[in-house]
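Participant: Pasting a structure here, questions to come.
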Amino acid sequence: MNGLSFVNPYLLWAMPLAAAPIVIYFLMRFRAVTVPWGADYVLQRAIQRLKKTRSLDQMLLMALRTLAAAAIVLAIARPVTRWNAAGNVQGSGVHHIIVLDDSASTMARVAGGGPTTVWDKEKEILGKLVATWGRGERWSLLRAAGEPRWVREYAAVTSPEESAHVVGSLEPPGEESAAVGRALAMAVAAAGDRPAEIILLADDQQASWDEAEQSLRTAASAQNRQAVTWVRLAPRDRDNRAVTSVRVQPEVCLVGHPCTVVVKVRNFGPTAVEDATVEVLVDGAFQARSSTPIQPGQEATLEFLITPESAGSHAVAARLAADVLPSDDEAFAGIDVRDRATVIVCRDSAKSGALDSAGGFLSLASEVLGRKDDEGKPLLAAAPLVVEICTDDCSAASLSKADVVVVDGGSRIDPALATALAQRVDAGGAVLLAPDSSIDQERWNTLLGKANLLPAHITGAVEGSPGIDPVRRLAGSAAVFHSWLNLAPVPEKSVVTRSFTDGGPFAVAMARSGGTVVELAVGLNGRINNLVVFADVLPLVIDLVTDCMSRAAFPRTVGTGEAIAVAIQDPAAVMGITFAQGDAEPESVEPAAVVRLPGGSNRSGLSSLLVLGRNAGQSAPQRIWIGVQGPRLDADLAPLSLARTAEIATAVDLTTVGSWEELDRSLESKRLGRDWQPWAFAGLLLALLGETALTRRFV
Amino acid sequence: MSRGQMAYDLSDLLRADGRQALEHLRLKARKLVTGMLHGTHRSRRKGTSTEFDHHAIYQPGDPFKLIDWKASARHDRIYVKRQLEDTALQVRIVVDRSGSMRRATGDGPTKYLQAARLATAMAYVILEERDRFGLSIAGAATGSGRSRGDAWLPAGSGEPHLVRCVQALCAREGSGGDNLAECLRVQVEQSERRGLTALVSDLMLDPQPVQAHLARLMAQGHDIVVFQICDPAEQEFPFSRWVRFQNLESQASGTRIDTVPLKRIYREEFQAVQDEWRQWCRRNGAHFVVARTDSPMEAVLCEYLAFRDEIGRES
């Protein structure tokens with residue numbers, strides 16, 4: 001019989017136990033008791049007779065005992081063979097290799113199945129398939145998404161329930177795309193020379209077969225051309241749209257101040273969409289809706305203004321109307337809403353007038369923001385608290401309470417100020433550099449540049465017509481600036497966050513060790529630089545402050561697998577922190593000033609940290625939302641072309657079926673009969689009978 | 001064992017209750033025996049007993065008192081009465097004290113102790129009948145003739161003789177090799193008066209020489225009874241594992257063997273040995289009695305004497 005297999009092959013290591021009768025024989029011989037004996041005359045006569053007649057019997061008995069022990073070990077290891085009803089011995093049980101497509105596209109719904117997805121159908125067919133296998137049959141299960149990995153590799157079926165449990169406990173698909181070609185090559189390699197049937201459970205997505213040429217060549221060059229039965233499951237339709245990105249700008253904002261939600265939507269389907277409707281929700285509550293037409297393969301960007309009404313962490317969701325693949329119709333972002341921001345203005349000592357400094361200008365703006373309407377309600381729920389101090393008094397301690405430190409002017413830059421600013425940035429703070437016409441350009445560039453606090457060097461004042469200030473308009477705003485400064489080309493480490501309408505940079509940001517530095521091309525005083533247009537200044541002030549705060553804060557929207565970090569204000573008062581990915585079971589996290597999760601979350605959606613205070617009676621648990629967004633790698637549901645299918649068929653012996661019934665019929669024609677495994681038990685029975693018979697003969 | 005040091009007490013051999021059981025038993029001679037003293041057993045020698053034998057024609061010199069006047073008057077010739085003379089029975093008890101007789105099962109008595117008890121009980125019965133008995137103890141064999149361990153007590157009667165015999169039995173223990181055939185050869189050569197020879201042994205020996213000497217004794221007119229003393233374990237072989245059998249008659253290292261496959265064969269062989277002896281005794285008109293060491297020897301003797309008495313009545 002060719003290629004015997006065992007249900008519990010590791011138990012064959014117990015085969016040396018077959019020598020137990022021999023060991024026992026010598027052990028018992030060694031441990032013989034001594035008996036004083038008088039009837040030696042009879043004893044010697046009996047021994048002589050025994051030697052003459054029974055020595056062969058004894059050897060036979062020993063052999064039988066050894067065989068019985070070996071048979072017991074074999075029986076426990078449960079050998080199995082398959083026997084063809086037609087009489088052809090086909091070796092051990094055929095190795096069933098299942099290649100299971102668990103890419104994101106398998107969450108697409110199938111035709112006529114309501115909410116049933118391709119994945120549901122795959123599991124259903126797989127469940128029926130494993131139920132047909134007998135005990136001891138070998139099977140392997142290979143998940144084909146991302147990097148193909150074995151769930152079961154040449155495992156023996158111990159019971160139908162166990163196999164069904166394996167199928168039932170399969171994790172739902174992630175967001176990876178399938179690598180069916182590579183998985184198929186692995187399956188062919190695993191089959192080797194043994195009889196095998198490879199069953200591919202996959203949708204017909206073309207993307208699954210990308211970069212499969214090499215793998216298919218490998219499969220085609222295998223010694224035995226393997227038969228592959230592809231259960232080809234098609235989605236209901238191909239019109240899939242996906243929310244590819246949602247961002248809140250800024251991620252840290254103030255209560256009552258509007259912020260922008262930027263949503264990107266892509267049409268992966270083959271037909272144009274007239275009105276792709278996107279809804280934005282904050283903490284599950286509807287905020288805004290907008291529609292846009294999208295051409296096939298194109299991406300549209302929609303912007304929504306939302307106004308948070310309460311402080312704290314909030315979850316922002318952008319949602320498309322459900323389509324064939326619902327899993328990519330929604331994306332999430334996190335937002336941190338604060339009820340107060342503290343701005344400290346480091347003012348040149350030479351500036352004394354109310355509107356001569358940024359402090360006076362920002363204080364005025366803050367005062368305006370804090371005004372109340374006729375009903376006594378504040379115009380905006382939150383306004384920055386502006387504190388003005390002289391540059392000579394700036395130190396790390398005095399700046400530590402500030403959310404944003406504004407360096408106003410630039411005529412009095414000294415090393416102590418540069419050091420204090422650098423310490424503040426290193427501590428996770430934000431510094432806003434607002435140089436004006438009084439700037440000591442050389443000291444500014446030298447001292448701040450040396451302290452690595454300069455996103456871009458100042459190269460000089462903007463030259464305009466004599467007697468007329470150069471006027472520059474801020475893009476996206478009505479604010480007009482009389483700018484005197486030019487910035488050097490922005491280095492790679494920095495990024496232009498806002499520009500003038502003429503394309504010149506207005507704000508350049510640079511991240512540095514936890515904090516951020518934002519440099520403006522203008523001053524923020526009101527005396528000569530700015531044309532203060534009342535309605536436009538207020539949002540600009542808030543934008544600048546919240547933008548600085550956002551840049552200094554850890555992001556609340558990350559990609560899959562990207563590290564997550566959250567600053568905890570008072571770690572000593574925290575009793576515990578848990579981290580949860582979606583609906584998964586929360587896991588405990590060690591409290592710290594900055595909680596870091598290097599692995600982040602591997603699944604798109606909402607993740608959250610729950611911070612439990614020590615004094616639970618006085619402070620409610622604080623939930624911090626993190627939006628996790630993965631790339632929509634597998635959203636294109638375009639089907640595999642016939643030509644490509646033919647190419648695959650040249651590499652392997654491909655049979656395509658569309659349902660369980662077809663698969664069952666296809667396999668039935670190849671199936672080699674049922675398992676047959678009682679021979680070991682029969683051998684054991686015979687050995688025991690022989691042992692009993694011989695023992696009875698002796699005794 | 002040094003001389004004078006007793007292996008057993010006298011009370012070990014003949015216990016009070018055993019003696020009581022033997023009070024009214026008689027050891028009757030099955031054959032005509034030759035005796036020096038008057039006894040209750042028929043003798044080949046004509047004598048003065050009251051039992052008439054036959055008439056003979058008077059010869060000169062015959063005592064007048066033997067003339068049967070009535071018969072002479074009827075037949076007109078002088079006849080004298082010839083009467084059988086009653087003689088005392090002479091019994092020779094041969095006890096085997098080879099090493100194999102030292103075997104005992106558990107805390108039970110050794111075969112030698114039981115053999116000694118049987119011999120003592122037999123001697124007591126003989127003594128009660130005022131018959132004569134002698135004792136031979138067949139000990140370890142030596143190169144020539146009688147071994148040093150042997151004891152040969154001539155036939156005698158009376159309690160002092162019984163005490164001497166018992167002391168001889170008590171002073172010895174089973175040891176060494178088998179010397180039974182040699183002992184019987186000596187008895188054949190002694191050519192004692194015909195009587196009864198009782199052999200008490202486990203018979204774990206080559207039967208040929210022993211049976212040959214017994215046959216000679218029978219030819220001399222001796223009545224033979226063979227008592228085989230059996231140890232229960234030696235008879236039943238109750239082992240089911242590896243056992244090293246230490247031969248009590250030799251200093252060899254013993255035989256190590258798995259008893260499971262041997263058990264049936266051993267029992268068959270043991271039975272075969274007994275059957276050989278039983279058949280030989282039947283062929284030669286001897287008695288063969290098996291006595292297990294877990295049985296009281298007085299009871300064995302009682303049973304045998306009853307059997308013998310029954311045979312005597314039938315004949």
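Identifiers in this document derive from the order of the structure tokens: chains are assigned A, B, ..., residues are numbered from 1 separately in each chain, and ligands are numbered from 1 in order of occurrence.
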With only C-alpha atoms as the counted atoms, please give the residues lying no more than 10 Å from B:Ala286, apart from itself and same-chain residues fewer than 5 positions off, as number ranges by chain.

Facilitator: B: 197-198, 214-215, 218, 222-226, 278-281

Participant: Any chance you could export the current selection's N, CA and C atoms as a PDB file, in the first residue's frame?

Facilitator:
```pdb
ATOM      1  N   THR B 197       9.493 -53.218  56.146  1.00  0.00           N
ATOM      2  CA  THR B 197      10.390 -52.084  55.915  1.00  0.00           C
ATOM      3  C   THR B 197       9.560 -50.895  55.463  1.00  0.00           C
ATOM      4  N   ALA B 198       9.616 -49.839  56.255  1.00  0.00           N
ATOM      5  CA  ALA B 198       8.872 -48.611  55.925  1.00  0.00           C
ATOM      6  C   ALA B 198       9.872 -47.558  55.455  1.00  0.00           C
ATOM      7  N   LEU B 214      14.840 -52.237  47.098  1.00  0.00           N
ATOM      8  CA  LEU B 214      13.561 -52.595  47.711  1.00  0.00           C
ATOM      9  C   LEU B 214      13.097 -53.962  47.200  1.00  0.00           C
ATOM     10  N   ALA B 215      13.360 -54.198  45.909  1.00  0.00           N
ATOM     11  CA  ALA B 215      12.965 -55.493  45.341  1.00  0.00           C
ATOM     12  C   ALA B 215      13.727 -56.627  46.017  1.00  0.00           C
ATOM     13  N   MET B 218      12.237 -57.300  49.309  1.00  0.00           N
ATOM     14  CA  MET B 218      10.991 -58.049  49.172  1.00  0.00           C
ATOM     15  C   MET B 218      11.282 -59.510  48.898  1.00  0.00           C
ATOM     16  N   HIS B 222      10.585 -59.369  53.036  1.00  0.00           N
ATOM     17  CA  HIS B 222      10.140 -58.163  53.735  1.00  0.00           C
ATOM     18  C   HIS B 222       8.875 -57.592  53.114  1.00  0.00           C
ATOM     19  N   ASP B 223       8.076 -57.088  54.003  1.00  0.00           N
ATOM     20  CA  ASP B 223       6.904 -56.318  53.568  1.00  0.00           C
ATOM     21  C   ASP B 223       7.377 -54.868  53.402  1.00  0.00           C
ATOM     22  N   ILE B 224       6.963 -54.210  52.294  1.00  0.00           N
ATOM     23  CA  ILE B 224       7.460 -52.861  52.007  1.00  0.00           C
ATOM     24  C   ILE B 224       6.304 -51.883  51.993  1.00  0.00           C
ATOM     25  N   VAL B 225       6.496 -50.765  52.656  1.00  0.00           N
ATOM     26  CA  VAL B 225       5.561 -49.644  52.533  1.00  0.00           C
ATOM     27  C   VAL B 225       6.394 -48.373  52.292  1.00  0.00           C
ATOM     28  N   VAL B 226       5.973 -47.650  51.259  1.00  0.00           N
ATOM     29  CA  VAL B 226       6.713 -46.431  50.880  1.00  0.00           C
ATOM     30  C   VAL B 226       5.850 -45.224  51.200  1.00  0.00           C
ATOM     31  N   ARG B 278       3.882 -45.415  42.304  1.00  0.00           N
ATOM     32  CA  ARG B 278       2.631 -46.104  42.650  1.00  0.00           C
ATOM     33  C   ARG B 278       2.523 -47.412  41.867  1.00  0.00           C
ATOM     34  N   GLN B 279       2.856 -47.354  40.595  1.00  0.00           N
ATOM     35  CA  GLN B 279       2.767 -48.560  39.766  1.00  0.00           C
ATOM     36  C   GLN B 279       3.815 -49.600  40.182  1.00  0.00           C
ATOM     37  N   TRP B 280       5.005 -49.132  40.494  1.00  0.00           N
ATOM     38  CA  TRP B 280       6.033 -50.091  40.932  1.00  0.00           C
ATOM     39  C   TRP B 280       5.586 -50.815  42.202  1.00  0.00           C
ATOM     40  N   CYS B 281       5.032 -50.039  43.142  1.00  0.00           N
ATOM     41  CA  CYS B 281       4.574 -50.645  44.402  1.00  0.00           C
ATOM     42  C   CYS B 281       3.441 -51.634  44.132  1.00  0.00           C
TER      43      CYS B 281
END
```

Participant: Can you list, as a list of chain:residue names, every protein, DNA or RNA residue that comes within 10 Å of B:Glu234 when you count only C-alpha atoms, leaving out same-chain residues fewer than 2 positions away?

Facilitator: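 Returned residues: A:Trp37, A:Gly38, A:Ala39, A:Asp40, A:Val42, A:Leu43, B:Arg103, B:Ala104, B:Thr105, B:Cys230, B:Asp231, B:Pro232, B:Glu236, B:Phe237, B:Pro238, B:Tyr266, B:Arg267, B:Phe270.
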
Participant: Residues as selected, C-alpha atoms, written as a PDB file, in the first residue's frame, can you do that?

Facilitator:
```pdb
ATOM      1  CA  TRP A  37      13.742 -26.087  46.186  1.00  0.00           C
ATOM      2  CA  GLY A  38      13.714 -29.724  47.090  1.00  0.00           C
ATOM      3  CA  ALA A  39      12.044 -31.213  44.044  1.00  0.00           C
ATOM      4  CA  ASP A  40      14.960 -30.464  41.791  1.00  0.00           C
ATOM      5  CA  VAL A  42      11.213 -33.165  38.936  1.00  0.00           C
ATOM      6  CA  LEU A  43      12.198 -29.643  38.041  1.00  0.00           C
TER       7      LEU A  43
ATOM      8  CA  ARG B 103      12.129 -27.920  52.044  1.00  0.00           C
ATOM      9  CA  ALA B 104       9.159 -26.270  53.745  1.00  0.00           C
ATOM     10  CA  THR B 105       6.344 -24.118  52.434  1.00  0.00           C
ATOM     11  CA  CYS B 230       5.226 -34.080  49.655  1.00  0.00           C
ATOM     12  CA  ASP B 231       5.602 -30.345  50.072  1.00  0.00           C
ATOM     13  CA  PRO B 232       2.437 -28.576  48.851  1.00  0.00           C
ATOM     14  CA  GLU B 236       1.258 -27.496  43.078  1.00  0.00           C
ATOM     15  CA  PHE B 237       4.041 -25.271  41.713  1.00  0.00           C
ATOM     16  CA  PRO B 238       2.229 -22.042  42.536  1.00  0.00           C
ATOM     17  CA  TYR B 266       6.152 -29.481  35.987  1.00  0.00           C
ATOM     18  CA  ARG B 267       2.838 -30.628  37.387  1.00  0.00           C
ATOM     19  CA  PHE B 270       5.493 -34.498  39.341  1.00  0.00           C
TER      20      PHE B 270
END
```

Participant: Taking only C-alpha atoms into account, produce a table as a tab-separated table in which each residue of chain B with an atom at most 6 Å from an atom of chain A appears once, together with its shortest atom pair and the distance in Å to one decimal, ordered by chain and rising number.

Facilitator:
```
residue	atom	partner	partner_atom	distance
B:Ser100	CA	A:Gly38	CA	3.9
B:Arg103	CA	A:Gly38	CA	5.5
B:Met204	CA	A:Tyr41	CA	5.5
B:Trp242	CA	A:Ala32	CA	4.7
B:Val243	CA	A:Ala32	CA	4.7
B:Arg244	CA	A:Thr34	CA	4.6
B:Phe245	CA	A:Val35	CA	5.0
B:Gln246	CA	A:Pro36	CA	4.6
B:Asn247	CA	A:Trp37	CA	5.2
B:Leu248	CA	A:Gly38	CA	5.6
B:Pro261	CA	A:Phe698	CA	4.6
B:Arg264	CA	A:Val699	CA	5.4
B:Ile265	CA	A:Ala46	CA	5.7
B:Tyr266	CA	A:Ala46	CA	5.0
B:Phe270	CA	A:Val42	CA	5.9
```

Participant: Excluding stretch 640-654 of chain A and any residue of its chain fewer than 6 positions from it, enumerate the residues within 6 Å of it, using only C-alpha atoms, and give them as a VMD selection string.

Facilitator: chain A and resid 204 to 206 216 220 226 to 229

Participant: Env of A:Ala434: 8 Å cut, atoms = only C-alpha atoms, seq-sep filter 3 positions within chain, self excluded. Answer as a ChimeraX atom specification.

Facilitator: /A:406-410,519-524

Participant: Using only C-alpha atoms, please write the residues we just selected to a file, as a PDB file, in the first residue's frame.

Facilitator:
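The resulting result-v4.pdb:
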```pdb
ATOM      1  CA  VAL A 406       4.202  83.441  19.724  1.00  0.00           C
ATOM      2  CA  VAL A 407       7.542  85.136  19.038  1.00  0.00           C
ATOM      3  CA  ASP A 408       6.572  88.627  18.028  1.00  0.00           C
ATOM      4  CA  GLY A 409       8.825  90.941  16.029  1.00  0.00           C
ATOM      5  CA  GLY A 410      12.348  89.688  15.929  1.00  0.00           C
ATOM      6  CA  GLU A 519       6.993  80.419  10.876  1.00  0.00           C
ATOM      7  CA  LEU A 520       4.932  83.185   9.253  1.00  0.00           C
ATOM      8  CA  ALA A 521       6.118  85.470   6.501  1.00  0.00           C
ATOM      9  CA  VAL A 522       4.361  88.329   8.217  1.00  0.00           C
ATOM     10  CA  GLY A 523       4.057  89.907  11.618  1.00  0.00           C
ATOM     11  CA  LEU A 524       0.913  89.622  13.665  1.00  0.00           C
TER      12      LEU A 524
END
```

Participant: Considering only strand (DSSP E or B) as DSSP defines it on the backbone, what residues of stretch 291-462 of chain A qualify? List them as a ChimeraX atom specification.

Facilitator: /A:291-294,299-306,312-320,330-338,341-347,372,378,384-390,404-409,430-435,458-460
